[in-house]
>>> print(open('start-v8.txt').read())   # compact mmCIF, C-alpha atoms
# COMPACT_ATOMS: atom_id res chain seq x y z
CA MET P 1309 39.36 -94.29 214.20
CA ARG P 1310 39.35 -97.04 211.63
CA PHE P 1311 42.92 -96.52 210.72
CA ASP P 1312 44.42 -94.60 213.66
CA VAL P 1313 43.50 -97.18 216.25
CA TYR P 1314 45.58 -99.81 214.46
CA SER P 1315 48.59 -97.67 213.54
CA PRO P 1316 50.31 -97.88 216.99
CA LEU P 1317 50.38 -101.66 216.44
CA LEU P 1318 51.99 -101.21 213.05
CA LEU P 1319 54.49 -98.72 214.48
CA SER P 1320 55.44 -101.18 217.21
CA LEU P 1321 56.56 -103.54 214.43
CA LEU P 1322 58.73 -100.83 212.94
CA LEU P 1323 60.56 -99.83 216.15
CA PRO P 1324 62.14 -103.27 216.84
CA ALA P 1325 63.11 -103.43 213.16
CA VAL P 1326 65.19 -100.24 213.34
CA SER P 1327 66.50 -100.61 216.90
CA PRO P 1328 69.52 -102.90 216.14
CA LEU P 1329 70.75 -100.48 213.48
CA ILE P 1330 70.34 -97.50 215.82
CA GLY P 1331 72.16 -99.48 218.51
CA ARG P 1332 75.14 -100.02 216.24
CA ARG P 1333 75.41 -96.65 214.52
CA VAL P 1334 74.42 -94.06 217.12
CA ALA P 1335 76.31 -93.02 220.28
CA PRO P 1336 75.01 -95.37 223.01
CA ALA P 1337 73.97 -92.60 225.42
CA LEU P 1338 71.74 -90.99 222.80
CA ALA P 1339 70.50 -94.27 221.31
CA ALA P 1340 69.53 -95.75 224.69
CA ARG P 1341 67.59 -92.63 225.65
CA VAL P 1342 65.60 -92.25 222.42
CA LEU P 1343 64.86 -95.96 222.05
CA THR P 1344 63.55 -96.17 225.63
CA CYS P 1345 61.49 -93.04 225.10
CA ALA P 1346 60.03 -94.30 221.82
CA ALA P 1347 59.35 -97.75 223.31
CA ALA P 1348 57.52 -96.22 226.29
CA LEU P 1349 55.39 -94.01 224.02
CA THR P 1350 54.62 -96.89 221.66
CA ALA P 1351 53.72 -99.27 224.48
CA ALA P 1352 51.42 -96.67 226.03
CA ALA P 1353 49.81 -96.05 222.63
CA THR P 1354 49.23 -99.74 221.82
CA THR P 1355 47.78 -100.38 225.28
CA TRP P 1356 45.49 -97.40 224.88
CA SER P 1357 44.46 -98.65 221.42
CA LEU P 1358 43.40 -101.93 223.01
CA VAL P 1359 41.35 -99.95 225.54
CA LEU P 1360 39.69 -98.06 222.69
CA LEU P 1361 38.93 -101.21 220.70
CA THR P 1362 37.45 -102.78 223.82
CA THR P 1363 35.41 -99.67 224.56
CA ALA P 1364 34.07 -99.75 221.02
CA LEU P 1365 32.23 -102.94 222.02
CA VAL P 1366 29.88 -100.61 223.89
CA GLY P 1367 28.62 -99.59 220.45
CA GLU P 1368 27.71 -103.24 219.90
CA ALA P 1369 25.93 -103.65 223.20
CA PRO P 1370 22.28 -104.62 222.61
CA PRO P 1371 20.78 -101.80 224.72
CA VAL P 1372 22.84 -99.22 222.84
CA VAL P 1373 21.90 -100.69 219.47
CA ALA P 1374 18.24 -100.91 220.47
CA GLN P 1375 18.29 -97.33 221.68
CA ALA P 1376 19.88 -96.16 218.45
CA ARG P 1377 17.31 -98.07 216.35
CA GLN P 1378 14.49 -96.59 218.39
CA ASP P 1379 15.82 -93.12 217.76
CA GLY P 1380 15.85 -93.96 214.07
CA ARG P 1381 19.63 -93.78 213.84
CA GLN P 1382 21.64 -96.35 212.00
CA PRO P 1383 24.13 -97.83 214.51
CA VAL P 1384 27.59 -97.40 213.08
CA ASP P 1385 29.91 -100.33 213.38
CA PRO P 1386 33.37 -98.86 213.96
CA VAL P 1387 35.05 -102.07 215.03
CA PRO P 1388 34.12 -105.65 214.14
CA GLU P 1389 32.93 -107.45 217.23
CA ALA P 1390 35.60 -110.15 216.91
CA ILE P 1391 38.37 -107.56 217.01
CA GLY P 1392 36.79 -105.87 220.00
CA ILE P 1393 36.70 -109.15 221.91
CA ALA P 1394 40.27 -110.02 220.85
CA ALA P 1395 41.39 -106.58 222.08
CA CYS P 1396 39.67 -107.18 225.39
CA LEU P 1397 41.51 -110.48 225.82
CA ALA P 1398 44.80 -108.90 224.77
CA LEU P 1399 44.24 -106.21 227.37
CA VAL P 1400 43.90 -108.85 230.08
CA VAL P 1401 47.17 -110.44 228.92
CA VAL P 1402 48.91 -107.05 228.96
CA ALA P 1403 47.68 -106.36 232.49
CA CYS P 1404 49.05 -109.72 233.67
CA ARG P 1405 52.40 -109.19 231.97
CA VAL P 1406 52.84 -105.67 233.38
CA HIS P 1407 51.86 -106.90 236.83
CA ARG P 1408 54.43 -109.69 236.60
CA ALA P 1409 57.14 -107.30 235.38
CA LEU P 1410 56.43 -104.89 238.24
CA ARG P 1411 56.62 -107.71 240.75
CA ALA P 1412 59.97 -108.90 239.35
CA GLU P 1413 61.21 -105.32 239.50
CA ARG P 1414 60.23 -105.01 243.14
CA ALA P 1415 61.87 -108.35 243.99
CA THR P 1416 65.13 -107.17 242.42
CA ARG P 1417 64.97 -103.87 244.32
CA ARG P 1418 64.38 -105.70 247.58
CA ALA P 1419 67.26 -108.11 246.99
CA LEU P 1420 69.59 -105.22 246.20
CA ARG P 1421 68.49 -103.17 249.19
CA ARG P 1422 69.27 -106.12 251.40
CA LEU P 1423 72.79 -106.29 249.97
CA ALA P 1424 73.39 -102.60 250.70
CA GLU P 1425 71.96 -102.83 254.23
CA GLY P 1426 74.34 -102.31 257.12
CA GLN P 1427 77.15 -100.95 254.96
CA PRO P 1428 78.89 -97.77 256.15
CA ALA P 1429 76.87 -94.77 254.93
CA ASP P 1430 79.36 -92.99 252.70
CA THR P 1431 81.05 -95.97 251.10
CA GLU P 1432 80.73 -96.62 247.41
CA LEU P 1433 82.29 -100.06 247.04
CA ILE P 1434 80.80 -103.14 248.68
CA VAL P 1435 82.98 -106.22 248.45
CA ALA P 1436 81.47 -109.69 248.72
CA ALA P 1437 83.97 -112.39 249.73
CA SER P 1438 82.86 -114.87 247.07
CA ASP P 1439 84.48 -117.17 244.49
CA VAL P 1440 81.85 -116.24 241.93
CA PRO P 1441 83.20 -113.39 239.80
CA ARG P 1442 80.48 -110.77 239.63
CA ALA P 1443 80.11 -107.02 239.51
CA PHE P 1444 77.00 -104.89 239.42
CA ALA P 1445 75.69 -101.49 240.43
CA ILE P 1446 73.12 -101.06 243.19
CA PRO P 1447 71.03 -97.95 242.47
CA GLY P 1448 69.82 -95.89 245.42
CA ARG P 1449 70.93 -93.04 247.59
CA PRO P 1450 73.82 -93.39 247.77
CA GLY P 1451 74.34 -95.71 244.81
CA ARG P 1452 76.73 -98.58 245.52
CA ILE P 1453 78.93 -100.88 243.54
CA LEU P 1454 79.10 -104.53 244.50
CA VAL P 1455 82.12 -106.51 243.31
CA THR P 1456 83.10 -109.97 244.48
CA SER P 1457 86.63 -110.69 245.69
CA ALA P 1458 87.02 -113.20 242.82
CA MET P 1459 86.41 -110.47 240.26
CA LEU P 1460 88.78 -108.02 241.99
CA GLY P 1461 91.48 -110.67 242.21
CA ALA P 1462 91.22 -111.50 238.49
CA LEU P 1463 91.80 -107.94 237.27
CA ARG P 1464 94.96 -105.86 237.10
CA PRO P 1465 95.12 -102.52 238.95
CA ALA P 1466 94.23 -100.34 235.93
CA GLU P 1467 91.45 -102.77 235.04
CA ARG P 1468 89.91 -102.57 238.50
CA ARG P 1469 89.72 -98.83 238.03
CA ILE P 1470 87.95 -99.31 234.68
CA LEU P 1471 85.47 -101.75 236.23
CA LEU P 1472 84.66 -99.25 238.99
CA ALA P 1473 84.30 -96.43 236.43
CA HIS P 1474 81.91 -98.61 234.40
CA GLU P 1475 79.65 -99.35 237.39
CA ARG P 1476 79.86 -95.71 238.49
CA ALA P 1477 78.54 -94.67 235.06
CA HIS P 1478 75.50 -96.96 235.54
CA LEU P 1479 74.75 -95.14 238.79
CA ALA P 1480 75.51 -91.60 237.61
CA HIS P 1481 73.30 -91.89 234.54
CA ARG P 1482 70.52 -93.84 236.26
CA HIS P 1483 70.67 -96.72 233.83
CA GLY P 1484 68.43 -98.71 236.17
CA LEU P 1485 65.52 -96.41 235.35
CA LEU P 1486 66.03 -96.73 231.59
CA VAL P 1487 66.22 -100.52 231.79
CA THR P 1488 63.10 -100.66 233.98
CA ALA P 1489 61.17 -98.39 231.60
CA ALA P 1490 62.18 -100.53 228.61
CA ALA P 1491 61.23 -103.70 230.52
CA LEU P 1492 57.77 -102.35 231.34
CA ALA P 1493 57.27 -101.23 227.73
CA ALA P 1494 58.18 -104.75 226.55
CA ALA P 1495 55.80 -106.24 229.12
CA ALA P 1496 52.94 -104.06 227.86
CA ASN P 1497 53.76 -104.80 224.22
CA PRO P 1498 55.67 -108.06 223.54
CA LEU P 1499 56.55 -106.80 220.05
CA LEU P 1500 58.96 -104.43 221.81
CA VAL P 1501 61.00 -107.19 223.49
CA PRO P 1502 63.89 -106.73 221.00
CA VAL P 1503 63.97 -103.01 221.84
CA ARG P 1504 64.30 -103.89 225.50
CA ARG P 1505 67.27 -106.12 224.65
CA THR P 1506 68.89 -103.36 222.61
CA VAL P 1507 68.46 -100.89 225.48
CA ALA P 1508 70.02 -103.37 227.94
CA PHE P 1509 72.98 -103.75 225.58
CA LEU P 1510 73.25 -99.99 225.01
CA VAL P 1511 73.48 -99.08 228.70
CA GLU P 1512 76.47 -101.45 228.95
CA ARG P 1513 78.02 -99.81 225.89
CA TRP P 1514 77.30 -96.39 227.39
CA ALA P 1515 79.03 -97.35 230.65
CA ASP P 1516 81.96 -98.82 228.66
CA GLU P 1517 82.40 -95.53 226.80
CA GLN P 1518 82.23 -93.57 230.08
CA ALA P 1519 84.83 -95.83 231.66
CA ALA P 1520 87.08 -95.51 228.61
CA ALA P 1521 86.75 -91.73 228.81
CA ALA P 1522 87.49 -91.74 232.56
CA VAL P 1523 90.81 -93.52 232.09
CA GLY P 1524 91.46 -92.15 228.60
CA ASP P 1525 92.11 -95.59 227.11
CA ARG P 1526 89.66 -97.55 224.94
CA ALA P 1527 92.06 -100.47 224.35
CA ALA P 1528 92.54 -100.99 228.11
CA THR P 1529 88.77 -100.91 228.57
CA ALA P 1530 88.39 -103.61 225.89
CA ARG P 1531 91.03 -105.75 227.64
CA THR P 1532 89.23 -105.30 230.98
CA LEU P 1533 86.00 -106.61 229.45
CA ALA P 1534 87.83 -109.55 227.90
CA ARG P 1535 89.50 -110.53 231.16
CA ALA P 1536 86.32 -110.13 233.21
CA ALA P 1537 84.34 -112.17 230.67
CA LEU P 1538 86.92 -114.95 230.61
CA THR P 1539 87.00 -115.07 234.41
CA ALA P 1540 83.21 -115.16 234.65
CA GLY P 1541 83.02 -117.68 231.78
CA ARG P 1542 85.34 -120.13 233.49
CA ALA P 1543 83.29 -120.01 236.65
CA ARG P 1544 80.11 -120.77 234.73
CA THR P 1545 81.13 -123.71 232.56
CA ALA P 1546 79.01 -125.97 234.76
CA CYS P 1547 75.94 -124.14 233.55
CA ALA P 1548 75.78 -125.37 229.95
CA LEU P 1549 72.45 -123.76 229.20
CA ASN P 1550 73.74 -120.31 229.91
CA PHE P 1551 72.80 -118.43 226.78
CA THR P 1552 75.29 -116.19 225.08
CA ASP P 1553 74.22 -113.33 222.90
CA ARG P 1554 77.77 -112.34 221.93
CA ALA P 1555 77.16 -109.13 223.90
CA VAL P 1556 80.65 -108.94 225.41
CA THR P 1557 82.31 -109.65 222.07
CA ARG P 1558 80.25 -106.92 220.44
CA ARG P 1559 81.11 -104.46 223.22
CA ILE P 1560 84.80 -105.24 222.84
CA ALA P 1561 84.58 -104.84 219.06
CA ALA P 1562 82.87 -101.47 219.52
CA LEU P 1563 85.70 -100.29 221.80
CA GLN P 1564 88.25 -101.25 219.15
CA THR P 1565 86.76 -98.83 216.62
CA ALA P 1566 86.05 -95.11 216.86
CA PRO P 1567 83.13 -94.18 219.14
CA PRO P 1568 79.89 -93.90 217.12
CA PRO P 1569 78.71 -90.33 216.44
CA ARG P 1570 75.71 -88.63 217.99
CA LEU P 1571 73.46 -88.97 214.97
CA TRP P 1572 70.74 -86.51 215.88
CA SER P 1573 68.78 -87.16 212.67
CA ALA P 1574 68.51 -90.89 213.42
CA ALA P 1575 67.59 -90.12 217.04
CA ALA P 1576 64.88 -87.71 215.89
CA ALA P 1577 63.49 -90.35 213.52
CA VAL P 1578 63.22 -92.87 216.38
CA LEU P 1579 61.46 -90.33 218.58
CA ALA P 1580 59.14 -89.51 215.68
CA LEU P 1581 58.05 -93.17 215.55
CA GLY P 1582 57.08 -93.02 219.22
CA ALA P 1583 55.38 -89.65 218.82
CA LEU P 1584 53.44 -90.90 215.78
CA ALA P 1585 52.14 -93.86 217.78
CA ALA P 1586 51.01 -91.54 220.58
CA LEU P 1587 49.37 -89.10 218.15
CA SER P 1588 47.50 -91.90 216.36
CA ALA P 1589 46.18 -93.16 219.66
CA ALA P 1590 45.08 -89.63 220.61
CA ASP P 1591 43.35 -89.23 217.25
CA ALA P 1592 41.60 -92.56 217.62
CA THR P 1593 40.40 -91.46 221.07
CA ASP P 1594 38.81 -88.36 219.57
CA ASP P 1595 37.08 -90.48 216.95
CA LEU P 1596 35.74 -92.91 219.52
CA ILE P 1597 34.48 -90.16 221.82
CA GLY P 1598 32.72 -88.55 218.85
CA LEU P 1599 31.20 -91.88 217.89
CA LEU P 1600 30.01 -92.82 221.36
CA THR P 1601 28.54 -89.43 222.14
CA GLY P 1602 26.73 -89.70 218.80
CA LEU P 1603 25.41 -93.11 219.76
CA LEU P 1604 24.54 -92.44 223.37
CA SER P 1605 23.10 -88.92 223.17
CA MET U 418 102.28 -86.96 227.81
CA ALA U 419 100.46 -90.09 228.87
CA GLY U 420 101.98 -89.72 232.35
CA THR U 421 100.80 -86.15 232.77
CA GLU U 422 97.40 -87.18 231.54
CA SER U 423 96.98 -89.97 234.06
CA ARG U 424 98.24 -87.78 236.90
CA GLY U 425 95.75 -85.10 235.88
CA ARG U 426 92.96 -87.66 235.92
CA ALA U 427 94.09 -89.07 239.24
CA GLU U 428 93.71 -85.65 240.82
CA ARG U 429 90.17 -85.39 239.60
CA ARG U 430 89.11 -88.61 241.31
CA SER U 431 86.94 -87.89 244.35
CA ALA U 432 87.74 -89.07 247.86
CA GLY U 433 84.96 -91.67 247.62
CA GLU U 434 86.34 -93.05 244.36
CA LEU U 435 89.86 -93.28 245.79
CA GLU U 436 88.52 -95.09 248.82
CA SER U 437 86.94 -97.67 246.50
CA GLU U 438 90.21 -98.12 244.64
CA VAL U 439 92.28 -98.62 247.77
CA LEU U 440 89.75 -101.10 249.14
CA ALA U 441 89.64 -102.94 245.79
CA THR U 442 93.44 -103.13 245.78
CA LEU U 443 93.56 -104.64 249.25
CA TRP U 444 90.98 -107.25 248.27
CA ALA U 445 92.74 -108.08 245.02
CA THR U 446 96.07 -108.96 246.62
CA GLU U 447 96.47 -112.09 248.68
CA ARG U 448 98.66 -110.52 251.35
CA PRO U 449 98.46 -107.38 253.55
CA LEU U 450 99.83 -104.21 251.93
CA THR U 451 101.63 -101.18 253.33
CA PRO U 452 100.58 -97.68 252.19
CA ALA U 453 103.71 -97.53 250.03
CA GLU U 454 102.81 -100.80 248.30
CA ILE U 455 99.27 -99.60 247.69
CA GLN U 456 100.68 -96.39 246.28
CA THR U 457 102.68 -98.29 243.66
CA GLU U 458 99.83 -100.72 242.99
CA ILE U 459 97.17 -98.10 242.23
CA ALA U 460 97.15 -96.83 238.66
CA GLY U 461 97.44 -93.11 238.13
CA GLY U 462 99.94 -92.19 240.83
CA LEU U 463 98.61 -91.07 244.21
CA ALA U 464 100.48 -89.12 246.89
CA TYR U 465 101.64 -91.22 249.85
CA ASN U 466 99.78 -88.94 252.26
CA THR U 467 96.57 -89.40 250.31
CA VAL U 468 96.85 -93.17 250.52
CA HIS U 469 97.51 -92.88 254.24
CA THR U 470 94.45 -90.68 254.81
CA ILE U 471 92.24 -93.03 252.81
CA LEU U 472 93.48 -96.06 254.75
CA LYS U 473 92.72 -94.30 258.01
CA ARG U 474 89.19 -93.53 256.84
CA LEU U 475 88.65 -97.16 255.75
CA TYR U 476 90.03 -98.31 259.09
CA ASP U 477 87.62 -96.04 261.00
CA LYS U 478 84.72 -97.54 259.05
CA GLY U 479 85.89 -101.03 259.94
CA LEU U 480 86.45 -102.00 256.30
CA VAL U 481 90.18 -102.64 256.70
CA LEU U 482 92.25 -103.97 259.61
CA ARG U 483 95.81 -103.30 260.68
CA ASP U 484 97.81 -106.44 260.19
CA ALA U 485 98.77 -107.16 263.78
CA ALA U 486 100.47 -110.50 263.08
CA GLY U 487 102.51 -109.43 260.08
CA ARG U 488 104.51 -106.38 259.10
CA ARG U 489 104.06 -103.10 260.87
CA GLY U 490 101.91 -100.58 259.01
CA ALA U 491 100.40 -103.18 256.69
CA TYR U 492 96.64 -103.35 256.14
CA ARG U 493 94.31 -106.16 255.12
CA PRO U 494 90.59 -106.12 254.25
CA ALA U 495 88.04 -106.95 256.96
CA LYS U 496 86.47 -110.26 255.93
CA ASN U 497 83.43 -110.55 258.20
CA ALA U 498 81.10 -108.04 256.58
CA ALA U 499 82.20 -109.19 253.12
CA GLU U 500 81.34 -112.78 253.96
CA LEU U 501 77.88 -111.74 255.16
CA THR U 502 77.40 -109.79 251.93
CA ALA U 503 78.49 -112.83 249.93
CA ALA U 504 76.01 -115.01 251.79
CA ALA U 505 73.21 -112.52 251.10
CA MET U 506 74.24 -112.33 247.43
CA HIS U 507 74.25 -116.10 246.99
CA GLU U 508 70.90 -116.33 248.73
CA ALA U 509 69.47 -113.82 246.25
CA LEU U 510 71.05 -115.68 243.33
CA ASP U 511 69.80 -119.08 244.43
CA ARG U 512 66.24 -117.96 244.97
CA GLY U 513 64.57 -119.12 241.74
CA PRO U 514 64.48 -116.54 238.96
CA ASP U 515 67.76 -114.75 239.42
CA PRO U 516 66.85 -111.20 240.42
CA ILE U 517 70.41 -110.05 239.90
CA ALA U 518 70.69 -111.62 236.44
CA ALA U 519 68.04 -109.12 235.41
CA LEU U 520 70.41 -106.30 236.28
CA GLN U 521 73.17 -104.77 234.32
CA GLN U 522 75.97 -107.21 234.93
CA PHE U 523 79.46 -106.29 233.97
CA VAL U 524 79.76 -109.28 231.64
CA SER U 525 77.54 -112.11 230.39
CA GLY U 526 78.26 -115.61 229.05
CA LEU U 527 80.72 -116.63 226.33
CA SER U 528 80.75 -119.29 223.62
CA PRO U 529 83.93 -121.35 223.08
CA ASP U 530 85.01 -119.47 219.94
CA GLU U 531 84.37 -116.13 221.62
CA GLU U 532 86.53 -117.33 224.48
CA ARG U 533 89.37 -118.09 222.06
CA ALA U 534 89.07 -114.65 220.48
CA LEU U 535 89.24 -112.96 223.88
CA ARG U 536 92.30 -114.97 224.87
CA ASP U 537 93.99 -113.82 221.66
CA LEU U 538 93.14 -110.23 222.53
CA LEU U 539 94.83 -110.59 225.90
CA GLY U 540 97.95 -111.95 224.28
CA GLY U 541 97.22 -115.66 224.19
CA GLY U 542 98.33 -116.24 227.76
CA ARG U 543 96.43 -117.07 230.87
CA PRO U 544 93.61 -114.55 231.47
>>> encode(input="start-v8.txt", output="structure tokens")
Amino acid sequence: MRFDVYSPLLLSLLLPAVSPLIGRRVAPALAARVLTCAAALTAAATTWSLVLLTTALVGEAPPVVAQARQDGRQPVDPVPEAIGIAACLALVVVACRVHRALRAERATRRALRRLAEGQPADTELIVAASDVPRAFAIPGRPGRILVTSAMLGALRPAERRILLAHERAHLAHRHGLLVTAAALAAAANPLLVPVRRTVAFLVERWADEQAAAAVGDRAATARTLARAALTAGRARTACALNFTDRAVTRRIAALQTAPPPRLWSAAAAVLALGALAALSAADATDDLIGLLTGLLS
Amino acid sequence: MAGTESRGRAERRSAGELESEVLATLWATERPLTPAEIQTEIAGGLAYNTVHTILKRLYDKGLVLRDAAGRRGAYRPAKNAAELTAAAMHEALDRGPDPIAALQQFVSGLSPDEERALRDLLGGGRP
């Protein structure tokens, strides 16, 4: 218990440290999947560790201590009281963050559903007659692709096909679910926020690679991204605070080199981090149950 | 070789995907297009009959209109539904924390030096 209950927290420092490297070196489809999986496991483990640390306060409760003294047992002190209380507060923060993330998720879903409403049933592409160049996938059954007329007008014929293939890849591989899972993991454990960002970047890379494969041309895919980014950039110059994380530039650079390999060993190592966090939490649970049954029996 | 390749890939595109491409083409051009013009516009070489069938399907769904005023056999995109969609999109975007910004967007923002680099990639000219 002593050690195991804290190790998920330590592991959640390690995962964001390795995630940028994995994002650069491993095929995006594999990297996105294992990072999301590891992040979800780690977030579940750290949250559970907080529950355990909070529960350990029961061992400090005066009636329990009195009872133990009466029975002539020395009350063990598995967790310092201060840490137990801190864990309890952290748990409240986690609950609020997850609740907020879920609400944002639902709001997005609702907004998207509204956009797909009233469209012909078996139509993939929804066009919005708008001067704002935008393109995004709307998950659902059937999944849809929304592109504004400004974006369509800015691209050349082959590039429009690449854009559609990119959005289609988001739908076919359910990237929405991966991104949501990573967002919830980051809500439950703020240390995992960088992992969430890496996953968001990787699903774009994944869709880029799929689009490049669909048309058989990586250079044309890179040019499509460049043109779309320039078009969108010009429309947004009014918004000076718009942050840029060089994501498009990095995606274009990645398309100009050979596709990264499916490094199974690196993927397995990432999964092992997540599994280790989960196992530590399970171990700590065992310890706590043993301790409490000892105290309360 | 490249030609055979792209024809091969064109054949593998599903009816739904082709529909999207024809619709996207009509939206991208400023003027109404005939099936023959769409055929030359779409990358990957489609049969004329295929284009015709797709246009008919889009017409039945009310997504494209026959250009009554202009040339015979030309089609243009139906604007009404697309304007409603645009209004709904802007409403969603304007409502506080951008729910759509949270989604996978095709592209995000650029810094000035990134913009220069991208222009160079596209051959220095107008994007």
>>> residues_around(input="start-v8.txt", residues="His1474 (chain P)", least_positions_apart="6", cutoff="12 Å", atoms="all atoms listed in the file", output="ChimeraX atom specification")
/P:1443-1445,1453,1455,1467-1468,1480-1481,1483,1511-1523,1529-1530,1532-1533 /U:521-524
>>> atom_distance(input="start-v8.txt", atom1="CA of Arg1422 (chain P)", atom2="CA of Ala505 (chain U)")
7.5 Å
>>> closest_residue(input="start-v8.txt", among="P:Pro1428, P:Pro1450, P:Pro1336, P:Pro1498", to="chain U", atoms="all atoms listed in the file")
P:Pro1428
>>> closest_residue(input="start-v8.txt", among="U:Glu438, U:Ala432, U:Thr467, U:Arg483", to="chain P", atoms="all atoms listed in the file")
U:Glu438
>>> closest_atom_pairs(input="start-v8.txt", of="chain P", to="chain U", cutoff="7 Å", atoms="all atoms listed in the file", output="tab-separated table")
residue	atom	partner	partner_atom	distance
P:Ala1415	CA	U:Pro516	CA	6.8
P:Thr1416	CA	U:Pro516	CA	4.8
P:Ala1419	CA	U:Ala509	CA	6.2
P:Leu1423	CA	U:Thr502	CA	6.1
P:Pro1428	CA	U:Lys478	CA	6.5
P:Thr1431	CA	U:Gly433	CA	6.8
P:Glu1432	CA	U:Ser437	CA	6.4
P:Leu1433	CA	U:Ser437	CA	5.3
P:Val1435	CA	U:Ala499	CA	5.6
P:Ala1436	CA	U:Ala499	CA	4.5
P:Ala1437	CA	U:Ala499	CA	5.0
P:Ser1438	CA	U:Ala503	CA	5.6
P:Ala1443	CA	U:Phe523	CA	5.6
P:Phe1444	CA	U:Gln522	CA	5.2
P:Ser1457	CA	U:Trp444	CA	6.1
P:Leu1460	CA	U:Ala445	CA	5.0
P:Gly1461	CA	U:Ala445	CA	4.0
P:Pro1465	CA	U:Ile459	CA	5.9
P:Ala1466	CA	U:Ala460	CA	5.3
P:Arg1469	CA	U:Glu438	CA	6.7
P:Arg1531	CA	U:Leu539	CA	6.4
P:Ala1534	CA	U:Leu535	CA	5.5
P:Arg1535	CA	U:Pro544	CA	5.8
P:Ala1536	CA	U:Val524	CA	6.8
P:Ala1537	CA	U:Val524	CA	5.5
P:Leu1538	CA	U:Glu532	CA	6.6
P:Gly1541	CA	U:Gly526	CA	5.9
P:Asn1550	CA	U:Gly526	CA	6.6
P:Phe1551	CA	U:Gly526	CA	6.6
P:Thr1552	CA	U:Gly526	CA	5.0
P:Arg1554	CA	U:Leu527	CA	6.8
P:Val1556	CA	U:Val524	CA	6.3
P:Thr1557	CA	U:Glu531	CA	6.8
>>> closest_residue(input="start-v8.txt", among="P:Val1402, P:Cys1345, P:Leu1510, P:Ala1364", to="Arg1559 (chain P)", atoms="all atoms listed in the file")
P:Leu1510
>>> closest_atom_pairs(input="start-v8.txt", of="region 1426-1480 of chain P", to="region 1485-1494 of chain P", cutoff="12 Å", atoms="only C-alpha atoms", output="tab-separated table")
residue	atom	partner	partner_atom	distance
P:Ile1446	CA	P:Leu1485	CA	11.9
P:Pro1447	CA	P:Leu1485	CA	9.1
P:Gly1448	CA	P:Leu1485	CA	11.0
P:His1478	CA	P:Leu1485	CA	10.0
P:Leu1479	CA	P:Leu1485	CA	9.9
P:Ala1480	CA	P:Leu1485	CA	11.3
>>> residues_around(input="start-v8.txt", residues="Asn466 (chain U)", least_positions_apart="6", cutoff="12 Å", atoms="all atoms listed in the file", output="list in words")
Pro452, Ala453, Ile455, Gln456, Leu472 and Lys473 of chain U
>>> atom_distance(input="start-v8.txt", atom1="CA of Leu1420 (chain P)", atom2="CA of Gly1451 (chain P)")
10.7 Å
>>> atom_distance(input="start-v8.txt", atom1="CA of Ala1390 (chain P)", atom2="CA of Pro1316 (chain P)")
19.2 Å
>>> build_atoms(input="start-v8.txt", residues="region 475-486 of chain U", atoms="N, CA and C atoms", output="compact mmCIF listing (two decimals), keeping the file's coordinate frame")
# COMPACT_ATOMS: atom_id res chain seq x y z
N LEU U 475 89.17 -95.79 255.91
CA LEU U 475 88.65 -97.16 255.75
C LEU U 475 88.75 -97.92 257.06
N TYR U 476 89.83 -97.65 257.81
CA TYR U 476 90.03 -98.31 259.09
C TYR U 476 88.94 -97.87 260.08
N ASP U 477 88.65 -96.56 260.09
CA ASP U 477 87.62 -96.04 261.00
C ASP U 477 86.25 -96.64 260.70
N LYS U 478 86.00 -96.94 259.43
CA LYS U 478 84.72 -97.54 259.05
C LYS U 478 84.69 -99.05 259.31
N GLY U 479 85.83 -99.58 259.68
CA GLY U 479 85.89 -101.03 259.94
C GLY U 479 85.99 -101.86 258.67
N LEU U 480 86.35 -101.24 257.56
CA LEU U 480 86.45 -102.00 256.30
C LEU U 480 87.84 -102.60 256.10
N VAL U 481 88.85 -102.03 256.75
CA VAL U 481 90.18 -102.64 256.70
C VAL U 481 90.71 -102.79 258.13
N LEU U 482 91.66 -103.72 258.30
CA LEU U 482 92.25 -103.97 259.61
C LEU U 482 93.75 -103.75 259.52
N ARG U 483 94.34 -103.35 260.65
CA ARG U 483 95.81 -103.30 260.68
C ARG U 483 96.30 -104.72 260.87
N ASP U 484 97.32 -105.07 260.14
CA ASP U 484 97.81 -106.44 260.19
C ASP U 484 98.69 -106.62 261.42
N ALA U 485 98.06 -107.07 262.51
CA ALA U 485 98.77 -107.16 263.78
C ALA U 485 99.85 -108.24 263.74
N ALA U 486 99.55 -109.36 263.09
CA ALA U 486 100.47 -110.50 263.08
C ALA U 486 101.68 -110.23 262.18
